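Peer 1: My structure is stored as my_file36.cif, with mmCIF, C-alpha atoms and all ligand atoms.
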```
data_upload
#
loop_
_atom_site.label_atom_id
_atom_site.label_comp_id
_atom_site.auth_asym_id
_atom_site.auth_seq_id
_atom_site.Cartn_x
_atom_site.Cartn_y
_atom_site.Cartn_z
CA MET A 21 77.34 92.25 120.26
CA ARG A 22 74.89 92.22 123.20
CA THR A 23 75.10 90.84 126.72
CA ARG A 24 76.14 87.31 125.82
CA LYS A 25 79.80 87.14 124.73
CA PRO A 26 79.53 85.43 121.36
CA VAL A 27 82.98 83.82 121.53
CA SER A 28 85.71 83.11 124.08
CA LYS A 29 88.25 85.66 125.29
CA GLY A 30 91.04 84.09 123.20
CA VAL A 31 89.07 84.61 119.97
CA LEU A 32 88.14 88.17 120.99
CA VAL A 33 91.83 88.95 121.55
CA GLU A 34 92.68 87.56 118.10
CA LEU A 35 89.83 89.55 116.56
CA LYS A 36 91.21 92.70 118.16
CA ARG A 37 94.62 92.04 116.62
CA PHE A 38 92.91 91.26 113.32
CA GLU A 39 91.10 94.62 113.42
CA ALA A 40 94.30 96.58 113.99
CA ARG A 41 96.09 94.74 111.16
CA PHE A 42 93.07 95.16 108.89
CA LEU A 43 92.96 98.93 109.38
CA SER A 44 96.70 99.30 108.84
CA VAL A 45 96.59 97.26 105.59
CA ILE A 46 93.60 99.22 104.28
CA GLY A 47 95.11 102.52 105.37
CA ALA A 48 98.34 101.78 103.48
CA SER A 49 96.76 102.30 100.03
CA ALA A 50 97.03 105.62 98.17
CA ARG A 51 95.04 108.34 100.01
CA ASP A 52 92.08 108.68 97.61
CA ILE A 53 91.59 104.92 97.82
CA SER A 54 92.34 104.44 101.49
CA GLU A 55 89.95 107.14 102.73
CA PRO A 56 86.72 105.50 101.44
CA CYS A 57 88.08 102.00 102.17
CA VAL A 58 88.86 102.92 105.80
CA LYS A 59 85.30 104.30 106.04
CA VAL A 60 83.94 100.93 104.89
CA VAL A 61 86.01 99.10 107.49
CA GLU A 62 85.31 101.60 110.29
CA ALA A 63 81.55 101.41 109.67
CA GLY A 64 81.88 98.27 111.77
CA GLY A 65 80.17 94.95 111.36
CA LYS A 66 80.25 91.86 113.51
CA ARG A 67 83.35 90.34 111.85
CA LEU A 68 81.57 86.99 111.94
CA ARG A 69 83.46 85.64 108.94
CA PRO A 70 86.95 86.44 110.32
CA ALA A 71 85.77 84.94 113.65
CA LEU A 72 84.86 81.73 111.82
CA VAL A 73 88.29 81.56 110.12
CA ILE A 74 90.01 82.10 113.48
CA ILE A 75 87.90 79.57 115.42
CA CYS A 76 88.27 76.84 112.79
CA ALA A 77 92.05 77.36 112.63
CA ASN A 78 92.15 77.28 116.46
CA LEU A 79 90.52 73.83 116.31
CA GLY A 80 93.83 72.66 114.81
CA ASN A 81 95.78 74.68 117.41
CA LYS A 82 96.75 77.39 114.90
CA THR A 83 96.59 80.88 116.42
CA ASN A 84 97.89 84.34 115.55
CA SER A 85 99.70 83.27 112.37
CA GLU A 86 100.25 85.58 109.39
CA GLU A 87 98.41 83.12 107.17
CA LEU A 88 95.43 83.27 109.52
CA PHE A 89 95.21 87.07 109.56
CA LEU A 90 95.68 87.38 105.79
CA SER A 91 92.94 84.80 105.17
CA ALA A 92 90.55 86.43 107.65
CA MET A 93 91.17 89.78 105.91
CA GLY A 94 90.61 88.17 102.51
CA VAL A 95 87.22 86.81 103.55
CA GLU A 96 86.08 90.06 105.17
CA LEU A 97 87.20 92.06 102.12
CA VAL A 98 85.06 89.95 99.77
CA HIS A 99 82.14 90.51 102.14
CA LEU A 100 82.73 94.29 102.30
CA ALA A 101 83.21 94.53 98.51
CA SER A 102 79.89 92.76 98.00
CA LEU A 103 78.14 95.19 100.40
CA VAL A 104 79.58 98.22 98.59
CA HIS A 105 78.27 96.84 95.28
CA ASP A 106 74.97 95.80 96.88
CA ASP A 107 74.40 99.36 98.09
CA ILE A 108 74.95 100.69 94.57
CA LEU A 109 72.47 98.17 93.14
CA ASP A 110 69.91 99.07 95.84
CA ALA A 111 70.69 102.82 95.70
CA ALA A 112 70.97 102.57 99.51
CA LYS A 113 71.74 105.80 101.32
CA THR A 114 72.81 104.37 104.68
CA ARG A 115 74.28 101.14 106.01
CA ARG A 116 75.01 100.49 109.68
CA GLY A 117 73.73 104.00 110.34
CA VAL A 118 76.35 105.78 108.23
CA PRO A 119 76.19 107.04 104.63
CA THR A 120 77.03 104.39 102.02
CA ILE A 121 80.02 104.83 99.70
CA ASN A 122 77.70 105.53 96.74
CA GLU A 123 75.99 108.24 98.81
CA SER A 124 79.27 109.85 99.94
CA TYR A 125 81.38 109.51 96.78
CA GLY A 126 78.94 108.77 93.95
CA GLU A 127 78.12 105.53 92.14
CA LYS A 128 81.07 105.38 89.78
CA GLN A 129 83.58 105.85 92.55
CA ALA A 130 81.76 103.23 94.64
CA ILE A 131 81.97 100.64 91.83
CA LEU A 132 85.73 101.15 91.75
CA ILE A 133 86.10 101.01 95.55
CA GLY A 134 84.21 97.70 95.58
CA ASP A 135 86.48 96.41 92.80
CA TYR A 136 89.54 97.50 94.75
CA LEU A 137 88.43 95.74 97.95
CA PHE A 138 87.69 92.59 95.95
CA GLY A 139 91.09 92.68 94.21
CA LEU A 140 92.88 93.35 97.50
CA SER A 141 91.28 90.28 99.08
CA PHE A 142 92.91 87.97 96.52
CA GLN A 143 96.19 89.90 96.67
CA LEU A 144 96.36 89.24 100.44
CA LEU A 145 95.39 85.64 99.98
CA SER A 146 98.06 85.07 97.39
CA ASP A 147 100.57 86.54 99.90
CA CYS A 148 99.81 83.46 102.06
CA GLY A 149 101.56 81.33 99.42
CA ASN A 150 99.02 78.53 99.96
CA ASN A 151 96.97 77.96 96.81
CA SER A 152 94.48 75.69 98.55
CA LEU A 153 93.14 78.75 100.40
CA ILE A 154 92.22 80.50 97.16
CA THR A 155 89.75 77.87 95.91
CA PRO A 156 87.08 78.25 98.65
CA LEU A 157 87.11 82.05 98.45
CA ALA A 158 87.00 82.11 94.64
CA SER A 159 84.10 79.65 94.66
CA ALA A 160 82.19 81.69 97.29
CA SER A 161 82.73 84.87 95.23
CA LEU A 162 81.11 83.19 92.21
CA PHE A 163 78.19 82.07 94.39
CA LEU A 164 77.79 85.61 95.76
CA SER A 165 77.46 87.10 92.29
CA GLU A 166 75.17 84.25 91.19
CA GLY A 167 72.93 84.72 94.26
CA GLU A 168 72.65 88.44 93.65
CA LEU A 169 71.91 87.90 89.94
CA ARG A 170 69.18 85.40 90.85
CA GLN A 171 67.73 87.84 93.38
CA ARG A 172 67.54 90.54 90.68
CA ARG A 173 66.01 88.12 88.16
CA ASP A 174 63.29 87.13 90.65
CA LEU A 175 62.40 90.65 91.83
CA ARG A 176 58.62 91.02 92.46
CA ARG A 177 57.94 87.39 91.48
CA LEU A 178 55.23 86.13 93.80
CA ASP A 179 55.46 82.44 92.87
CA GLN A 180 58.78 81.69 94.59
CA SER A 181 59.07 78.59 96.76
CA VAL A 182 60.88 78.13 100.06
CA HIS A 183 63.30 75.95 98.12
CA ASP A 184 64.08 78.78 95.62
CA TYR A 185 64.67 81.11 98.56
CA LEU A 186 66.98 78.69 100.41
CA ASP A 187 69.04 78.12 97.24
CA ARG A 188 69.40 81.84 96.76
CA ILE A 189 70.46 82.62 100.33
CA TYR A 190 72.95 79.75 100.30
CA ALA A 191 74.57 81.51 97.33
CA LYS A 192 74.40 85.07 98.59
CA THR A 193 75.28 84.44 102.26
CA ALA A 194 76.00 80.90 103.40
CA ALA A 195 78.63 80.18 100.71
CA LEU A 196 80.94 82.82 102.22
CA PHE A 197 80.40 81.41 105.73
CA GLU A 198 81.32 78.02 104.26
CA ALA A 199 84.48 79.44 102.67
CA SER A 200 85.45 81.04 106.02
CA CYS A 201 85.20 77.72 107.89
CA SER A 202 86.85 75.85 105.06
CA MET A 203 89.84 78.21 105.03
CA GLY A 204 90.20 78.10 108.82
CA ALA A 205 90.06 74.31 108.71
CA ILE A 206 92.75 74.19 106.00
CA ILE A 207 95.00 76.51 108.02
CA GLY A 208 94.39 74.36 111.11
CA GLY A 209 95.36 71.22 109.15
CA LEU A 210 92.11 69.46 110.12
CA SER A 211 91.12 66.04 108.74
CA SER A 212 88.85 65.95 105.68
CA VAL A 213 86.03 64.60 107.89
CA ASP A 214 86.30 67.57 110.26
CA GLN A 215 86.59 69.95 107.29
CA GLU A 216 83.26 68.62 105.96
CA ARG A 217 81.67 68.91 109.43
CA LEU A 218 82.72 72.55 109.55
CA ARG A 219 81.38 73.25 106.07
CA GLU A 220 78.07 71.73 107.11
CA TYR A 221 78.07 73.83 110.27
CA ALA A 222 78.73 76.96 108.19
CA ARG A 223 75.93 76.23 105.72
CA GLY A 224 73.44 75.91 108.59
CA LEU A 225 74.70 79.02 110.37
CA GLY A 226 74.80 81.08 107.16
CA ILE A 227 71.27 80.15 106.13
CA ALA A 228 69.92 80.85 109.64
CA PHE A 229 71.78 84.16 109.71
CA GLN A 230 70.22 85.34 106.42
CA ILE A 231 66.71 84.21 107.45
CA TYR A 232 67.02 86.21 110.68
CA ASP A 233 68.37 89.16 108.70
CA ASP A 234 65.30 89.01 106.46
CA ILE A 235 63.06 88.81 109.54
CA LEU A 236 64.76 91.93 110.92
CA ASP A 237 63.65 93.82 107.84
CA PHE A 238 60.16 93.53 109.37
CA THR A 239 60.80 93.54 113.10
CA GLY A 240 63.98 95.60 113.51
CA ASP A 241 64.33 99.02 115.01
CA LYS A 242 65.38 101.56 112.37
CA LYS A 243 67.97 103.08 114.73
CA VAL A 244 69.58 99.74 115.55
CA LEU A 245 69.38 98.49 111.95
CA GLY A 246 70.85 101.69 110.51
CA LYS A 247 68.33 101.46 107.63
CA PRO A 248 64.54 101.65 107.30
CA THR A 249 62.28 98.59 107.78
CA GLY A 250 60.20 97.27 104.86
CA ASN A 251 63.14 97.72 102.49
CA ASP A 252 62.80 94.26 100.94
CA ILE A 253 59.17 94.97 100.04
CA ARG A 254 60.18 98.31 98.53
CA GLU A 255 62.91 96.64 96.47
CA GLY A 256 60.68 93.68 95.53
CA THR A 257 63.01 91.09 97.10
CA VAL A 258 60.71 88.25 98.13
CA THR A 259 62.12 86.85 101.39
CA LEU A 260 61.06 83.93 103.60
CA PRO A 261 58.57 85.85 105.82
CA MET A 262 56.99 87.12 102.59
CA ILE A 263 56.79 83.64 101.04
CA PHE A 264 55.01 82.38 104.17
CA ALA A 265 52.72 85.44 104.24
CA LEU A 266 51.82 84.99 100.54
CA GLU A 267 51.00 81.34 101.24
CA LYS A 268 48.49 82.73 103.77
CA ASN A 269 47.03 84.99 101.05
CA CYS A 270 48.32 88.22 102.57
CA LEU A 271 46.77 90.63 100.05
CA GLU A 272 48.35 93.76 101.56
CA LEU A 273 51.76 92.26 100.83
CA ALA A 274 50.95 91.26 97.24
CA GLU A 275 49.68 94.79 96.61
CA ALA A 276 52.72 96.48 98.17
CA ILE A 277 55.14 94.35 96.15
CA ASP A 278 53.28 95.41 93.02
CA ASP A 279 53.08 99.09 94.04
CA PRO A 280 55.50 99.95 96.88
CA ALA A 281 54.04 103.32 97.90
CA GLN A 282 55.09 104.19 101.48
CA GLU A 283 51.66 103.68 103.11
CA LYS A 284 51.19 100.35 101.29
CA VAL A 285 54.61 99.15 102.47
CA GLU A 286 53.76 100.14 106.04
CA GLU A 287 50.41 98.29 105.85
CA ALA A 288 52.12 95.23 104.41
CA VAL A 289 54.75 95.19 107.21
CA VAL A 290 51.93 95.19 109.79
CA ALA A 291 50.02 92.46 107.89
CA VAL A 292 53.10 90.19 107.56
CA LYS A 293 53.81 90.62 111.29
CA GLY A 294 50.20 89.83 112.13
CA CYS A 295 49.69 86.67 110.06
CA GLY A 296 52.17 84.33 111.77
CA ALA A 297 54.73 84.43 108.93
CA ILE A 298 57.49 85.83 111.16
CA GLU A 299 57.10 83.01 113.72
CA GLN A 300 57.14 80.46 110.90
CA ALA A 301 60.35 81.96 109.44
CA ARG A 302 61.92 82.09 112.92
CA SER A 303 61.17 78.44 113.46
CA LEU A 304 62.83 77.44 110.16
CA ALA A 305 65.87 79.56 111.05
CA LYS A 306 66.07 77.77 114.39
CA GLU A 307 66.08 74.42 112.58
CA TYR A 308 69.12 75.56 110.60
CA VAL A 309 70.92 76.66 113.77
CA GLU A 310 70.18 73.20 115.18
CA LYS A 311 71.60 71.58 112.04
CA ALA A 312 74.73 73.69 112.49
CA GLU A 313 75.00 72.70 116.15
CA ALA A 314 74.58 69.04 115.28
CA ALA A 315 77.42 69.25 112.74
CA ALA A 316 79.68 70.99 115.28
CA GLY A 317 78.57 68.48 117.92
CA ASN A 318 80.54 65.79 116.09
CA LEU A 319 83.85 67.61 116.59
CA ARG A 320 86.10 66.66 119.50
CA GLU A 321 85.55 68.56 122.76
CA SER A 322 87.49 71.83 122.65
CA GLN A 323 87.14 75.58 123.20
CA GLY A 324 86.69 75.98 119.42
CA LYS A 325 83.70 73.65 119.43
CA LYS A 326 82.14 75.67 122.29
CA ASP A 327 82.78 78.88 120.34
CA LEU A 328 81.01 77.52 117.26
CA ILE A 329 77.97 76.47 119.28
CA SER A 330 77.93 79.80 121.09
CA LEU A 331 77.99 81.66 117.74
CA GLY A 332 74.82 79.78 116.77
CA LYS A 333 73.15 80.96 120.00
CA PHE A 334 74.37 84.50 119.29
CA VAL A 335 72.73 84.47 115.85
CA ILE A 336 69.41 83.48 117.49
CA ASP A 337 69.82 85.92 120.43
CA ARG A 338 70.34 88.91 118.17
CA TYR A 339 66.71 88.72 117.19
CA HIS A 340 64.88 88.21 120.46
C1 LIG A 401 73.60 91.97 101.40
O1 LIG A 401 72.43 91.27 101.65
C2 LIG A 401 74.27 91.51 100.16
C3 LIG A 401 74.86 90.30 99.94
C4 LIG A 401 74.88 89.27 100.98
C5 LIG A 401 75.51 89.91 98.65
C6 LIG A 401 75.66 90.98 97.60
C7 LIG A 401 76.45 90.46 96.44
C8 LIG A 401 76.77 91.17 95.36
C9 LIG A 401 76.34 92.59 95.18
C10 LIG A 401 77.59 90.54 94.30
C11 LIG A 401 78.99 91.13 94.32
C12 LIG A 401 79.94 90.06 94.52
C13 LIG A 401 81.28 90.20 94.79
C14 LIG A 401 82.10 88.99 94.84
C15 LIG A 401 81.96 91.48 95.04
P1 LIG A 401 71.01 91.96 101.71
O2 LIG A 401 70.82 92.78 100.47
O3 LIG A 401 70.04 90.88 101.98
O4 LIG A 401 71.15 92.80 103.01
P2 LIG A 401 71.13 94.37 103.23
O5 LIG A 401 69.74 94.67 103.63
O6 LIG A 401 72.12 94.55 104.36
O7 LIG A 401 71.54 95.05 101.98
MG MG A 402 70.77 94.79 100.04
#
```
Could you render the structure as structure tokens?
Ligand code: FPP
Ligand code: MG

Peer 2:
Amino acid sequence: MRTRKPVSKGVLVELKRFEARFLSVIGASARDISEPCVKVVEAGGKRLRPALVIICANLGNKTNSEELFLSAMGVELVHLASLVHDDILDAAKTRRGVPTINESYGEKQAILIGDYLFGLSFQLLSDCGNNSLITPLASASLFLSEGELRQRRDLRRLDQSVHDYLDRIYAKTAALFEASCSMGAIIGGLSSVDQERLREYARGLGIAFQIYDDILDFTGDKKVLGKPTGNDIREGTVTLPMIFALEKNCLELAEAIDDPAQEKVEEAVVAVKGCGAIEQARSLAKEYVEKAEAAAGNLRESQGKKDLISLGKFVIDRYH
């Protein structure tokens, strides 16, 4: 996380405690399971979803409770399980600059590690003894799989609309942000009106986050990204910058999606960057951050509200 502190000191302290607990829970499994799982956790990540659970619970003055840590771990584990499976599906060799689990241990082992992380998330959640926390995470898990299935179904399809894309990224990314806020709000005992405000906030933030992530596939630095640029073109995943570029008849892109040879992908990346599609995608992402901010704006004044708004700014800042 760059110069701007994305959240207040109190949340950072809770996140630090979360991290220590998380590693000790993961490390407690049998050795052949814990070694790859610890690698997944140690590869890092921004822990945005646990931060959302913590901030939303804090809004109801709930801090540092066992229920809070278990729920934050549950959410992060579903996220990590989905990344392990995503890397198998994409045959990705690196993530966050380190070898993926499929690269280090083989595909079959990686499938089972992903399954284990997914199972563990619901085991921890059931340890909370609060059934209402299970529903949002189970629903987000279904959306995640649905989003990924839709993405595979639509590979290399050039006739996708912005609407199709937004539906898909709600499922594959924003639904888990929504579950994180929902669970935090339940733990914090917030009113149903505030719970809905937080879900709306999360949908906006999650959609903006995924749009910026898809922009980074064109504009990012390979070293910072920990993976090569132009990956989405190579895989045939048609993202928002590509939809806008295709609307502008970007022939280099259409050709590279059809035949992703390295030099064609490189030409297409340059063409997409040159045709104004990135700026257009950035501006739609900004609208979603603004929607998120507006939803959070209706909450009562508190540190948690400031943290939510600051997270929105952080998502934008990451990409400038
Ligand atoms: C990464 O996004 C991947 C996802 C957000 C979701 C992947 C979901 C699955 C594989 C379904 C499995 C579901 C469960 C519940 C375990 P990306 O591919 O856009 O980003 P990347 O470039 O970092 O891979
Ligand atoms: Mg992927």

Peer 1: I'd like to know which of A:Val60, A:Ile227, A:Ala158, A:Ile336 is closest to A:Ser124, using only C-alpha atoms.

Peer 2: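 Closest to A:Ser124, using only C-alpha atoms: A:Val60.
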
Peer 1: Return as a VMD selection string the residues of protein, DNA or RNA that approach ligand LIG 401 (chain A) to within 9 Å, with all atoms listed in the file taken into account.

Peer 2: chain A and resid 97 to 110 112 115 to 116 134 to 135 137 to 138 158 160 to 169 189 191 to 194 196 230 233 to 234 237 245 247 251 to 252 257 259

Peer 1: Rank A:Thr239, A:Ser322, A:Gln171, A:Gln143 by their smallest atom-to-atom distance to ligand MG 402 (chain A), using all atoms listed in the file, and report the top residue only.

Peer 2: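 Answer, going by the shortest atom-to-atom distance: A:Gln171.
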
Peer 1: Need to verify the contact set: A:Leu88, 7 Å, only C-alpha atoms, exclusion of same-chain residues closer than 4 positions in sequence. Can you return it as a ChimeraX atom specification?

Peer 2: /A:74,84,92,207

Peer 1: Which of these residues is nearest to A:Pro70, using only C-alpha atoms: A:Gly30, A:Gly204, A:Gly240, A:Pro119?

Peer 2: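 Closest residue, counting only C-alpha atoms: A:Gly204.
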
Peer 1: Quick one: of A:Leu225, A:Ile121, A:Val244, A:Leu144, who's nearest to A:Leu68, counting only C-alpha atoms?

Peer 2: A:Leu225

Peer 1: Which residue, A:Gln129, A:Ser54, A:Thr114, A:Ser85, has the smallest gap to ligand MG 402 (chain A) when you use all atoms listed in the file?

Peer 2: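 Smallest distance to ligand MG 402 (chain A) is found for A:Thr114.
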
Peer 1: Out of A:Gly126, A:Gly149, A:Gly94, A:Gly80, which residue has the shortest atom-to-atom distance to A:Gln215 when counting only C-alpha atoms?

Peer 2: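 Checking each candidate against A:Gln215, we get A:Gly80 as the closest.
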
Peer 1: Counting only C-alpha atoms, what is within 12 Å of A:Asp147, bar same-chain residues fewer than 3 positions away, as a list in words?

Peer 2: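 Residues meeting the cut-off are Glu86, Glu87, Leu88, Phe89, Leu90, Ser91, Met93, Gly94, Leu140, Ser141, Phe142, Gln143, Leu144, Asn150, Asn151, Leu153 and Ile154 of chain A.
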
Peer 1: Show which residues sit within 12 Å of A:Glu286, as a list in words. Count only C-alpha atoms, and ignore same-chain residues fewer than 5 positions away.

Peer 2: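 In the requested format, the answer is Asp237, Phe238, Thr239, Pro248, Thr249, Gly250, Asn251, Asp252, Ile253, Arg254, Glu272, Leu273, Glu275, Ala276, Ile277, Pro280, Ala281, Ala291, Val292 and Lys293 of chain A.
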
Peer 1: Taking all atoms of stretch 218-237 of chain A that appear in the file, build a box with edges along x, y and z, extend it by 3 Å on every side, and state its centre and edge lengths in Å to one decimal, as JSON.

Peer 2:
```
{"center_x": 72.9, "center_y": 82.8, "center_z": 108.3, "size_x": 25.7, "size_y": 28.1, "size_z": 11.2}
```

Peer 1: For A:Ile263, work out the shell of residues within 12 Å, counting all atoms listed in the file and skipping chain neighbours fewer than 6 positions away, then give it as a list of chain:residue names.

Peer 2: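 Listing them by chain and then by number gives A:Arg176, A:Arg177, A:Leu178, A:Asp179, A:Gln180, A:Ser181, A:Val182, A:His183, A:Asp184, A:Tyr185, A:Leu186, A:Ile231, A:Asp234, A:Ile235, A:Ile253, A:Thr257, A:Asn269, A:Cys270, A:Leu273, A:Ala274, A:Ile277, A:Val292, A:Cys295, A:Gly296, A:Ala297, A:Ile298, A:Gln300, A:Ala301.
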
Peer 1: Quick one: residues within 9 Å of (85.2, 88.9, 111.6) (file frame), counting all atoms listed in the file, please, as a ChimeraX atom specification.

Peer 2: /A:35,38-39,65-74,92-93,95-96

Peer 1: Between atom CA of A:Val213 and atom CA of A:Gly226, what is the distance in Å, rounded to a tenth?

Peer 2: 20.0 Å

Peer 1: What does the distance between atom CA of A:Tyr221 and atom CA of A:Ala314 come to in Å, to one decimal place?

Peer 2: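 Between atom CA of A:Tyr221 and atom CA of A:Ala314 the gap works out to 7.8 Å.
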